[in-house]
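J.: File name start-v4.tsv; file contents TSV, C-alpha atoms and all ligand atoms; full text below.
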```tsv
chain	number	residue	atom	x	y	z
A	1	MET	CA	80.72	132.78	53.72
A	2	ARG	CA	78.08	130.93	51.67
A	3	SER	CA	75.73	133.19	49.74
A	4	PRO	CA	71.99	132.62	50.23
A	5	PHE	CA	70.33	130.65	47.47
A	6	VAL	CA	66.67	130.30	46.52
A	7	ALA	CA	65.46	128.06	43.70
A	8	GLY	CA	61.90	127.83	42.39
A	9	ASN	CA	60.71	124.46	41.13
A	10	TRP	CA	57.72	125.18	38.91
A	11	LYS	CA	57.08	121.46	38.30
A	12	LEU	CA	54.54	120.69	35.53
A	13	ASN	CA	52.79	124.06	35.56
A	14	GLY	CA	52.19	127.05	33.33
A	15	SER	CA	51.72	127.92	29.68
A	16	ARG	CA	54.21	129.62	27.33
A	17	SER	CA	52.74	133.01	28.17
A	18	SER	CA	52.15	132.52	31.89
A	19	VAL	CA	55.71	131.32	32.58
A	20	SER	CA	57.04	134.27	30.65
A	21	SER	CA	55.05	136.74	32.76
A	22	LEU	CA	55.99	135.01	36.02
A	23	ALA	CA	59.68	134.99	35.07
A	24	SER	CA	59.56	138.68	34.08
A	25	GLU	CA	57.96	139.63	37.40
A	26	ILE	CA	60.64	137.72	39.33
A	27	ALA	CA	63.45	139.13	37.19
A	28	SER	CA	62.24	142.69	37.64
A	29	ALA	CA	62.76	142.69	41.42
A	30	PRO	CA	65.25	140.03	42.57
A	31	ALA	CA	66.52	140.43	46.15
A	32	SER	CA	70.13	141.56	46.44
A	33	ASN	CA	72.90	139.16	47.51
A	34	VAL	CA	70.80	136.06	46.82
A	35	GLU	CA	71.38	133.53	44.07
A	36	VAL	CA	67.94	133.11	42.53
A	37	VAL	CA	67.23	130.26	40.12
A	38	ILE	CA	63.94	129.38	38.43
A	39	CYS	CA	63.26	125.93	37.02
A	40	PRO	CA	60.43	125.65	34.48
A	41	VAL	CA	59.65	122.51	32.44
A	42	SER	CA	62.27	122.03	29.72
A	43	LEU	CA	59.79	122.97	27.00
A	44	HIS	CA	59.51	126.47	28.49
A	45	LEU	CA	63.24	127.14	28.88
A	46	SER	CA	63.50	129.44	25.86
A	47	GLU	CA	60.57	131.62	26.96
A	48	VAL	CA	61.95	131.91	30.48
A	49	ALA	CA	65.52	132.54	29.25
A	50	GLN	CA	64.22	135.49	27.21
A	51	ALA	CA	62.18	136.84	30.12
A	52	ILE	CA	65.12	136.84	32.56
A	53	ALA	CA	67.79	138.00	30.08
A	54	GLY	CA	69.85	140.84	31.54
A	55	SER	CA	68.75	140.16	35.14
A	56	SER	CA	70.62	138.33	37.89
A	57	VAL	CA	68.06	135.50	37.92
A	58	LYS	CA	69.42	132.21	36.60
A	59	LEU	CA	67.84	129.33	34.74
A	60	GLY	CA	67.54	125.72	35.88
A	61	ALA	CA	65.94	122.52	34.63
A	62	GLN	CA	64.02	119.91	36.59
A	63	ASN	CA	66.02	116.84	35.56
A	64	ALA	CA	68.64	115.64	33.08
A	65	CYS	CA	69.56	112.31	31.53
A	66	ALA	CA	72.66	110.47	32.72
A	67	ALA	CA	73.69	109.99	29.09
A	68	GLU	CA	74.70	112.75	26.74
A	69	ALA	CA	72.99	111.37	23.64
A	70	GLY	CA	71.54	108.18	22.24
A	71	ALA	CA	68.49	105.96	22.49
A	72	TYR	CA	66.82	107.51	25.55
A	73	THR	CA	63.33	108.47	24.37
A	74	GLY	CA	61.78	111.27	26.37
A	75	GLU	CA	65.00	112.40	28.04
A	76	VAL	CA	66.97	115.65	27.78
A	77	SER	CA	70.74	115.86	28.32
A	78	SER	CA	72.66	118.40	30.37
A	79	THR	CA	74.60	119.48	27.29
A	80	MET	CA	71.30	120.30	25.57
A	81	LEU	CA	70.09	122.17	28.64
A	82	ALA	CA	73.30	124.20	28.71
A	83	GLU	CA	72.63	125.26	25.10
A	84	TYR	CA	69.36	126.79	26.30
A	85	GLY	CA	71.08	128.82	29.00
A	86	CYS	CA	70.57	126.48	31.94
A	87	GLU	CA	73.17	126.72	34.68
A	88	PHE	CA	71.42	124.46	37.20
A	89	VAL	CA	69.55	121.17	37.17
A	90	ILE	CA	67.40	119.71	39.94
A	91	VAL	CA	68.38	116.05	40.38
A	92	GLY	CA	66.82	113.33	42.53
A	93	HIS	CA	63.65	115.24	43.45
A	94	SER	CA	61.43	112.98	45.56
A	95	GLU	CA	58.77	113.02	42.83
A	96	ARG	CA	61.34	111.56	40.42
A	97	ARG	CA	62.34	108.97	43.00
A	98	THR	CA	58.82	107.91	44.03
A	99	LEU	CA	56.68	108.48	40.91
A	100	PHE	CA	59.28	107.57	38.28
A	101	GLY	CA	61.33	105.02	40.20
A	102	GLU	CA	64.71	106.75	40.01
A	103	THR	CA	67.05	104.91	42.35
A	104	ASP	CA	69.86	106.37	44.45
A	105	SER	CA	72.46	105.23	41.94
A	106	GLN	CA	70.50	106.47	38.92
A	107	CYS	CA	70.12	109.87	40.60
A	108	ALA	CA	73.86	109.87	41.29
A	109	GLU	CA	74.60	109.08	37.61
A	110	ARG	CA	72.36	111.97	36.53
A	111	HIS	CA	74.14	114.22	39.03
A	112	ALA	CA	77.54	113.23	37.59
A	113	ALA	CA	76.31	113.98	34.06
A	114	VAL	CA	75.18	117.45	35.15
A	115	GLN	CA	78.63	118.08	36.65
A	116	ARG	CA	80.40	116.81	33.50
A	117	ALA	CA	78.44	119.32	31.42
A	118	GLY	CA	79.71	122.12	33.69
A	119	LEU	CA	76.30	122.79	35.26
A	120	THR	CA	75.42	122.80	38.96
A	121	SER	CA	73.27	120.02	40.36
A	122	ILE	CA	70.63	120.88	42.96
A	123	PHE	CA	70.68	117.42	44.47
A	124	CYS	CA	67.59	116.53	46.53
A	125	ILE	CA	67.57	114.17	49.48
A	126	GLY	CA	65.13	113.51	52.28
A	127	GLU	CA	63.16	110.95	54.21
A	128	SER	CA	59.54	109.80	54.00
A	129	LEU	CA	57.17	110.17	56.94
A	130	GLN	CA	57.52	106.50	57.76
A	131	GLU	CA	61.31	106.79	57.75
A	132	ARG	CA	61.18	109.82	60.06
A	133	GLU	CA	58.80	108.09	62.41
A	134	SER	CA	61.07	105.07	62.60
A	135	ASP	CA	64.06	107.28	63.35
A	136	GLN	CA	65.82	106.67	60.04
A	137	THR	CA	66.16	110.27	58.85
A	138	PHE	CA	69.94	110.44	59.26
A	139	SER	CA	70.57	107.02	57.75
A	140	VAL	CA	68.38	107.82	54.72
A	141	VAL	CA	70.20	111.08	53.91
A	142	GLU	CA	73.55	109.36	54.46
A	143	ARG	CA	72.56	106.59	52.02
A	144	GLN	CA	71.48	109.17	49.41
A	145	LEU	CA	74.75	111.14	49.83
A	146	ASN	CA	76.78	107.95	49.70
A	147	ALA	CA	75.40	107.20	46.26
A	148	LEU	CA	77.02	110.44	45.07
A	149	ILE	CA	80.32	109.54	46.68
A	150	ASP	CA	80.22	106.05	45.14
A	151	VAL	CA	79.73	107.47	41.65
A	152	SER	CA	81.75	110.71	41.80
A	153	GLY	CA	84.32	110.13	44.57
A	154	ASP	CA	86.17	113.29	45.58
A	155	GLN	CA	84.23	115.30	43.01
A	156	ALA	CA	80.85	114.36	44.53
A	157	PHE	CA	80.12	117.83	45.91
A	158	GLU	CA	81.75	119.95	43.20
A	159	ASN	CA	79.20	122.17	41.43
A	160	THR	CA	76.58	120.94	43.85
A	161	VAL	CA	73.86	122.50	45.95
A	162	VAL	CA	72.22	120.00	48.33
A	163	ALA	CA	68.47	120.34	48.95
A	164	TYR	CA	67.12	118.64	52.06
A	165	GLU	CA	63.45	118.00	51.32
A	166	PRO	CA	61.59	115.80	53.78
A	167	VAL	CA	59.08	114.00	51.55
A	168	TRP	CA	56.29	114.49	54.10
A	169	ALA	CA	56.71	118.26	53.86
A	170	ILE	CA	56.62	118.62	50.06
A	171	GLY	CA	53.38	120.15	48.86
A	172	THR	CA	51.59	119.19	52.07
A	173	GLY	CA	51.62	122.47	53.99
A	174	LYS	CA	53.51	120.68	56.79
A	175	THR	CA	56.87	122.37	57.15
A	176	ALA	CA	59.70	120.89	59.19
A	177	SER	CA	60.23	123.12	62.21
A	178	PRO	CA	63.37	125.28	62.02
A	179	GLU	CA	64.89	123.04	64.74
A	180	GLN	CA	64.08	119.82	62.86
A	181	ALA	CA	65.47	121.22	59.62
A	182	GLN	CA	68.62	122.65	61.22
A	183	ALA	CA	69.36	119.32	62.92
A	184	VAL	CA	69.28	117.46	59.59
A	185	HIS	CA	71.21	120.19	57.76
A	186	ALA	CA	73.95	120.11	60.41
A	187	HIS	CA	74.10	116.33	60.09
A	188	ILE	CA	74.37	116.55	56.30
A	189	ARG	CA	77.22	119.08	56.55
A	190	GLN	CA	79.01	116.98	59.14
A	191	TYR	CA	78.60	113.86	57.02
A	192	ILE	CA	80.02	115.61	53.96
A	193	ALA	CA	82.90	116.91	56.12
A	194	GLY	CA	83.80	113.29	56.87
A	195	HIS	CA	84.62	112.96	53.15
A	196	ASN	CA	85.73	116.44	52.23
A	197	ALA	CA	85.98	119.22	54.83
A	198	ASP	CA	86.40	122.03	52.27
A	199	ALA	CA	83.34	120.88	50.33
A	200	ALA	CA	81.30	120.75	53.53
A	201	ASP	CA	82.13	124.37	54.36
A	202	ALA	CA	81.37	125.58	50.88
A	203	VAL	CA	78.27	123.60	49.94
A	204	GLN	CA	74.95	125.45	50.12
A	205	ILE	CA	72.28	123.31	51.77
A	206	LEU	CA	68.72	124.35	50.97
A	207	TYR	CA	65.60	123.39	52.83
A	208	GLY	CA	62.52	122.45	50.77
A	209	GLY	CA	59.03	121.47	51.89
A	210	SER	CA	56.13	123.93	52.16
A	211	VAL	CA	58.33	127.00	52.54
A	212	ASN	CA	56.23	130.16	52.26
A	213	ALA	CA	56.57	133.89	52.84
A	214	GLY	CA	55.54	133.43	56.47
A	215	ASN	CA	57.96	130.70	57.57
A	216	ALA	CA	61.02	131.38	55.38
A	217	ALA	CA	62.79	133.83	57.70
A	218	ASP	CA	62.68	131.47	60.70
A	219	LEU	CA	64.06	128.61	58.61
A	220	PHE	CA	66.78	130.68	56.94
A	221	ALA	CA	67.93	132.12	60.30
A	222	ASN	CA	69.66	128.80	61.08
A	223	ALA	CA	73.39	128.41	60.60
A	224	ASP	CA	73.23	125.45	58.21
A	225	ILE	CA	70.17	126.48	56.20
A	226	ASP	CA	71.50	128.47	53.26
A	227	GLY	CA	68.20	129.03	51.48
A	228	GLY	CA	65.30	127.12	50.02
A	229	LEU	CA	63.99	125.00	47.17
A	230	ILE	CA	60.47	126.28	46.69
A	231	GLY	CA	57.56	124.54	44.95
A	232	GLY	CA	54.04	125.92	45.35
A	233	ALA	CA	55.10	129.35	46.59
A	234	ALA	CA	57.39	129.78	43.56
A	235	LEU	CA	54.33	130.01	41.31
A	236	LYS	CA	53.35	133.42	42.70
A	237	SER	CA	55.93	136.14	42.13
A	238	LYS	CA	54.94	138.09	45.25
A	239	ASP	CA	55.40	135.04	47.51
A	240	PHE	CA	58.59	133.89	45.80
A	241	LEU	CA	60.13	137.38	45.98
A	242	ALA	CA	59.21	137.62	49.68
A	243	ILE	CA	61.06	134.32	50.25
A	244	CYS	CA	64.08	135.63	48.32
A	245	ASP	CA	63.94	138.75	50.48
A	246	ALA	CA	63.92	136.62	53.66
A	247	ALA	CA	67.03	134.84	52.35
A	248	SER	CA	68.71	138.16	51.69
A	249	ARG	CA	67.91	139.43	55.19
A	250	SER	CA	69.18	136.19	56.75
A	251	GLN	CA	72.65	137.16	55.60
A	252	ASP	CA	72.52	140.44	57.53
A	253	SER	CA	71.50	138.84	60.84
A	301	LIG	C1	59.39	120.99	45.88
A	301	LIG	O1	58.67	120.65	44.97
A	301	LIG	O2	60.60	120.79	45.81
A	301	LIG	C2	58.79	121.63	47.05
A	301	LIG	C3	59.55	121.88	48.07
A	301	LIG	O3	57.45	121.90	46.98
A	301	LIG	P1	56.59	122.77	48.04
A	301	LIG	O4	57.37	124.02	48.33
A	301	LIG	O5	55.30	123.03	47.35
A	301	LIG	O6	56.44	121.91	49.26
```
Could you write out this structure as structure tokens?
T.:
Amino acid sequence: MRSPFVAGNWKLNGSRSSVSSLASEIASAPASNVEVVICPVSLHLSEVAQAIAGSSVKLGAQNACAAEAGAYTGEVSSTMLAEYGCEFVIVGHSERRTLFGETDSQCAERHAAVQRAGLTSIFCIGESLQERESDQTFSVVERQLNALIDVSGDQAFENTVVAYEPVWAIGTGKTASPEQAQAVHAHIRQYIAGHNADAADAVQILYGGSVNAGNAADLFANADIDGGLIGGAALKSKDFLAICDAASRSQDS
């Protein structure tokens, strides 16, 4: 049985004091039986680590360099993130792919570096609106998963949480319907099973894209939706905790 998982991607938001308060509020009331991870900007990791110390909430980063050290100005390595208490790293978020030009293979190299450092990669995949409208959703997610298999082979889905995030649903208020999301999640699991059946059973597949306190329960009720990667709604503790609660209740149903 896969445990429910909810990760908050705070993106480029907050100040030293506001992230500390937000993290403390989340850490003071985490839902039971849910893995909860919060991902501030790297600069705020220490503040957030202090705020969640002693709670079950875990720390994640929003990206990591494929290299461990060297001439990579502006980058942060997984080994460095681990030193700050990070256990998770978001890799291949659509904003990294579209705004910063990270390719499938570069995302896969970053993913492999996260794994090598002993951290878990929250690996994001998903199609654009144009790709959905031209019926390419399945082929796009297959291509993005294949990049992992090309780089990491049998280890591709070790220490990995997959996040299906249709680009058209991120930050837009347009959520994929539970049926649309479940169909893609089932396809992702089946595709992974073609390479590694055990990994396919074990891997948590999160849905991301305008999840909120009102739609989370319907999404999480589906067999292949193991939780969510949350952007905007992760910036308000009440909303984020309600989503974590929906994930917890999904396990009981
Ligand atoms: C995200 O940034 O990964 C995300 C899913 O954002 P939002 O929940 O705001 O759509």
J.: Using only C-alpha atoms, determine which residues lie at most 8 Å from stretch 225-228 of chain A, disregarding the query and same-chain residues fewer than 6 positions distant; provide the list as a PyMOL selection string.
T.: chain A and resi 2-7+163+181-182+185+204-208+211+219+247
J.: Keeping only C-alpha atoms, write those residues as a PDB file, in the coordinates of the input.
T.:
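Listed below is the output, selection_4.pdb:
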```pdb
ATOM      1  CA  ARG A   2      78.080 130.930  51.670  1.00  0.00           C
ATOM      2  CA  SER A   3      75.730 133.190  49.740  1.00  0.00           C
ATOM      3  CA  PRO A   4      71.990 132.620  50.230  1.00  0.00           C
ATOM      4  CA  PHE A   5      70.330 130.650  47.470  1.00  0.00           C
ATOM      5  CA  VAL A   6      66.670 130.300  46.520  1.00  0.00           C
ATOM      6  CA  ALA A   7      65.460 128.060  43.700  1.00  0.00           C
ATOM      7  CA  ALA A 163      68.470 120.340  48.950  1.00  0.00           C
ATOM      8  CA  ALA A 181      65.470 121.220  59.620  1.00  0.00           C
ATOM      9  CA  GLN A 182      68.620 122.650  61.220  1.00  0.00           C
ATOM     10  CA  HIS A 185      71.210 120.190  57.760  1.00  0.00           C
ATOM     11  CA  GLN A 204      74.950 125.450  50.120  1.00  0.00           C
ATOM     12  CA  ILE A 205      72.280 123.310  51.770  1.00  0.00           C
ATOM     13  CA  LEU A 206      68.720 124.350  50.970  1.00  0.00           C
ATOM     14  CA  TYR A 207      65.600 123.390  52.830  1.00  0.00           C
ATOM     15  CA  GLY A 208      62.520 122.450  50.770  1.00  0.00           C
ATOM     16  CA  VAL A 211      58.330 127.000  52.540  1.00  0.00           C
ATOM     17  CA  LEU A 219      64.060 128.610  58.610  1.00  0.00           C
ATOM     18  CA  ALA A 247      67.030 134.840  52.350  1.00  0.00           C
TER      19      ALA A 247
END
```
J.: Taking all atoms listed in the file into account, which residues have an atom no farther than 7 Å from ligand LIG 301 (chain A)? I'd like them as a list in words.
T.: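 So, counting all atoms listed in the file, the residues near ligand LIG 301 (chain A) are Asn9, Lys11, His93, Glu165, Ala169, Ile170, Gly171, Thr172, Gly173, Gly208, Gly209, Ser210, Val211, Leu229, Ile230, Gly231, Gly232 and Ala233 of chain A.
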J.: Calculated over all atoms listed in the file, which of the candidates A:Ala66, A:Ile52, A:Leu145, A:Asp150 has the smallest distance to A:Leu22?
T.: A:Ile52
J.: Using all atoms listed in the file, pick whichever of A:Glu102, A:Glu179, A:Glu131, A:Asp239 has the shortest atom-to-atom distance to A:Ala64.
T.: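 Selected residue with least distance to A:Ala64: A:Glu102.
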J.: Atom CA of A:Asp104 and atom CA of A:Arg143 are how many Å apart?
T.: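 Separating atom CA of A:Asp104 from atom CA of A:Arg143 is a distance of 8.0 Å.
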J.: Within 10 Å of (60.3, 136.4, 49.2) in the file's own coordinates, which protein, DNA or RNA residues have an atom, counting all atoms listed in the file? List them as a count of residues only.
T.: 24
J.: Choose the residue, out of A:Ala69, A:Val151, A:Val76, A:Gly126, that has the smallest atom-to-atom separation from A:Ala108; count all atoms listed in the file.
T.: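 Of all the options, A:Val151 lies closest to A:Ala108.
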J.: What residues have an atom no more than 10 Å from (79.5, 119.0, 51.3) in the file's own frame, counting only C-alpha atoms, and can you write them as a list of chain:residue names?
T.: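 Returned residue set, sorted by chain then number, is A:Leu145, A:Ala156, A:Phe157, A:Glu158, A:Thr160, A:Val161, A:Val162, A:Ile188, A:Arg189, A:Gln190, A:Tyr191, A:Ile192, A:Ala193, A:Gly194, A:His195, A:Asn196, A:Ala197, A:Asp198, A:Ala199, A:Ala200, A:Asp201, A:Ala202, A:Val203, A:Gln204, A:Ile205.
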J.: Please produce a file of those selected residues containing C-alpha atoms, as a PDB file, in the frame of the given file.
T.:
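And here is the file that came out, result-v6.pdb:
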```pdb
ATOM      1  CA  LEU A 145      74.750 111.140  49.830  1.00  0.00           C
ATOM      2  CA  ALA A 156      80.850 114.360  44.530  1.00  0.00           C
ATOM      3  CA  PHE A 157      80.120 117.830  45.910  1.00  0.00           C
ATOM      4  CA  GLU A 158      81.750 119.950  43.200  1.00  0.00           C
ATOM      5  CA  THR A 160      76.580 120.940  43.850  1.00  0.00           C
ATOM      6  CA  VAL A 161      73.860 122.500  45.950  1.00  0.00           C
ATOM      7  CA  VAL A 162      72.220 120.000  48.330  1.00  0.00           C
ATOM      8  CA  ILE A 188      74.370 116.550  56.300  1.00  0.00           C
ATOM      9  CA  ARG A 189      77.220 119.080  56.550  1.00  0.00           C
ATOM     10  CA  GLN A 190      79.010 116.980  59.140  1.00  0.00           C
ATOM     11  CA  TYR A 191      78.600 113.860  57.020  1.00  0.00           C
ATOM     12  CA  ILE A 192      80.020 115.610  53.960  1.00  0.00           C
ATOM     13  CA  ALA A 193      82.900 116.910  56.120  1.00  0.00           C
ATOM     14  CA  GLY A 194      83.800 113.290  56.870  1.00  0.00           C
ATOM     15  CA  HIS A 195      84.620 112.960  53.150  1.00  0.00           C
ATOM     16  CA  ASN A 196      85.730 116.440  52.230  1.00  0.00           C
ATOM     17  CA  ALA A 197      85.980 119.220  54.830  1.00  0.00           C
ATOM     18  CA  ASP A 198      86.400 122.030  52.270  1.00  0.00           C
ATOM     19  CA  ALA A 199      83.340 120.880  50.330  1.00  0.00           C
ATOM     20  CA  ALA A 200      81.300 120.750  53.530  1.00  0.00           C
ATOM     21  CA  ASP A 201      82.130 124.370  54.360  1.00  0.00           C
ATOM     22  CA  ALA A 202      81.370 125.580  50.880  1.00  0.00           C
ATOM     23  CA  VAL A 203      78.270 123.600  49.940  1.00  0.00           C
ATOM     24  CA  GLN A 204      74.950 125.450  50.120  1.00  0.00           C
ATOM     25  CA  ILE A 205      72.280 123.310  51.770  1.00  0.00           C
TER      26      ILE A 205
END
```
J.: Work out how far apart atom CA of A:Ser77 and atom CA of A:Glu109 are and give it in Å to one decimal.
T.: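 Here the two named atoms are 12.1 Å from each other.
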J.: Work out how far atom CA of A:Thr137 is from atom CA of A:Pro178, in Å to one decimal.
T.: 15.6 Å
J.: Identify, on the basis of only C-alpha atoms, every residue whose closest approach to A:Gly118 does not exceed 12 Å; exclude the query and any residue fewer than 4 positions from it along the same chain; express the result as an MDAnalysis selection string.
T.: chainID A and resid 78:83 85:89 111:114 158:160
J.: Could you check the closest approach to A:Val140 for each of A:Thr98, A:Ser21, A:Ser128, A:Gln180 and tell me which residue wins, using only C-alpha atoms?
T.: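 That would be A:Ser128, the residue with the smallest distance to A:Val140.
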J.: Restricting the calculation to all atoms listed in the file, which member of A:Ala61, A:Val141, A:Ala67, A:Ala147 is positioned closest to A:Leu119?
T.: A:Ala61
J.: Determine the nearest neighbour of A:Ala51 from the options A:Glu25, A:Glu68, A:Ser32, A:Phe123, counting all atoms listed in the file.
T.: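 For A:Ala51, the nearest of the candidates is A:Glu25.
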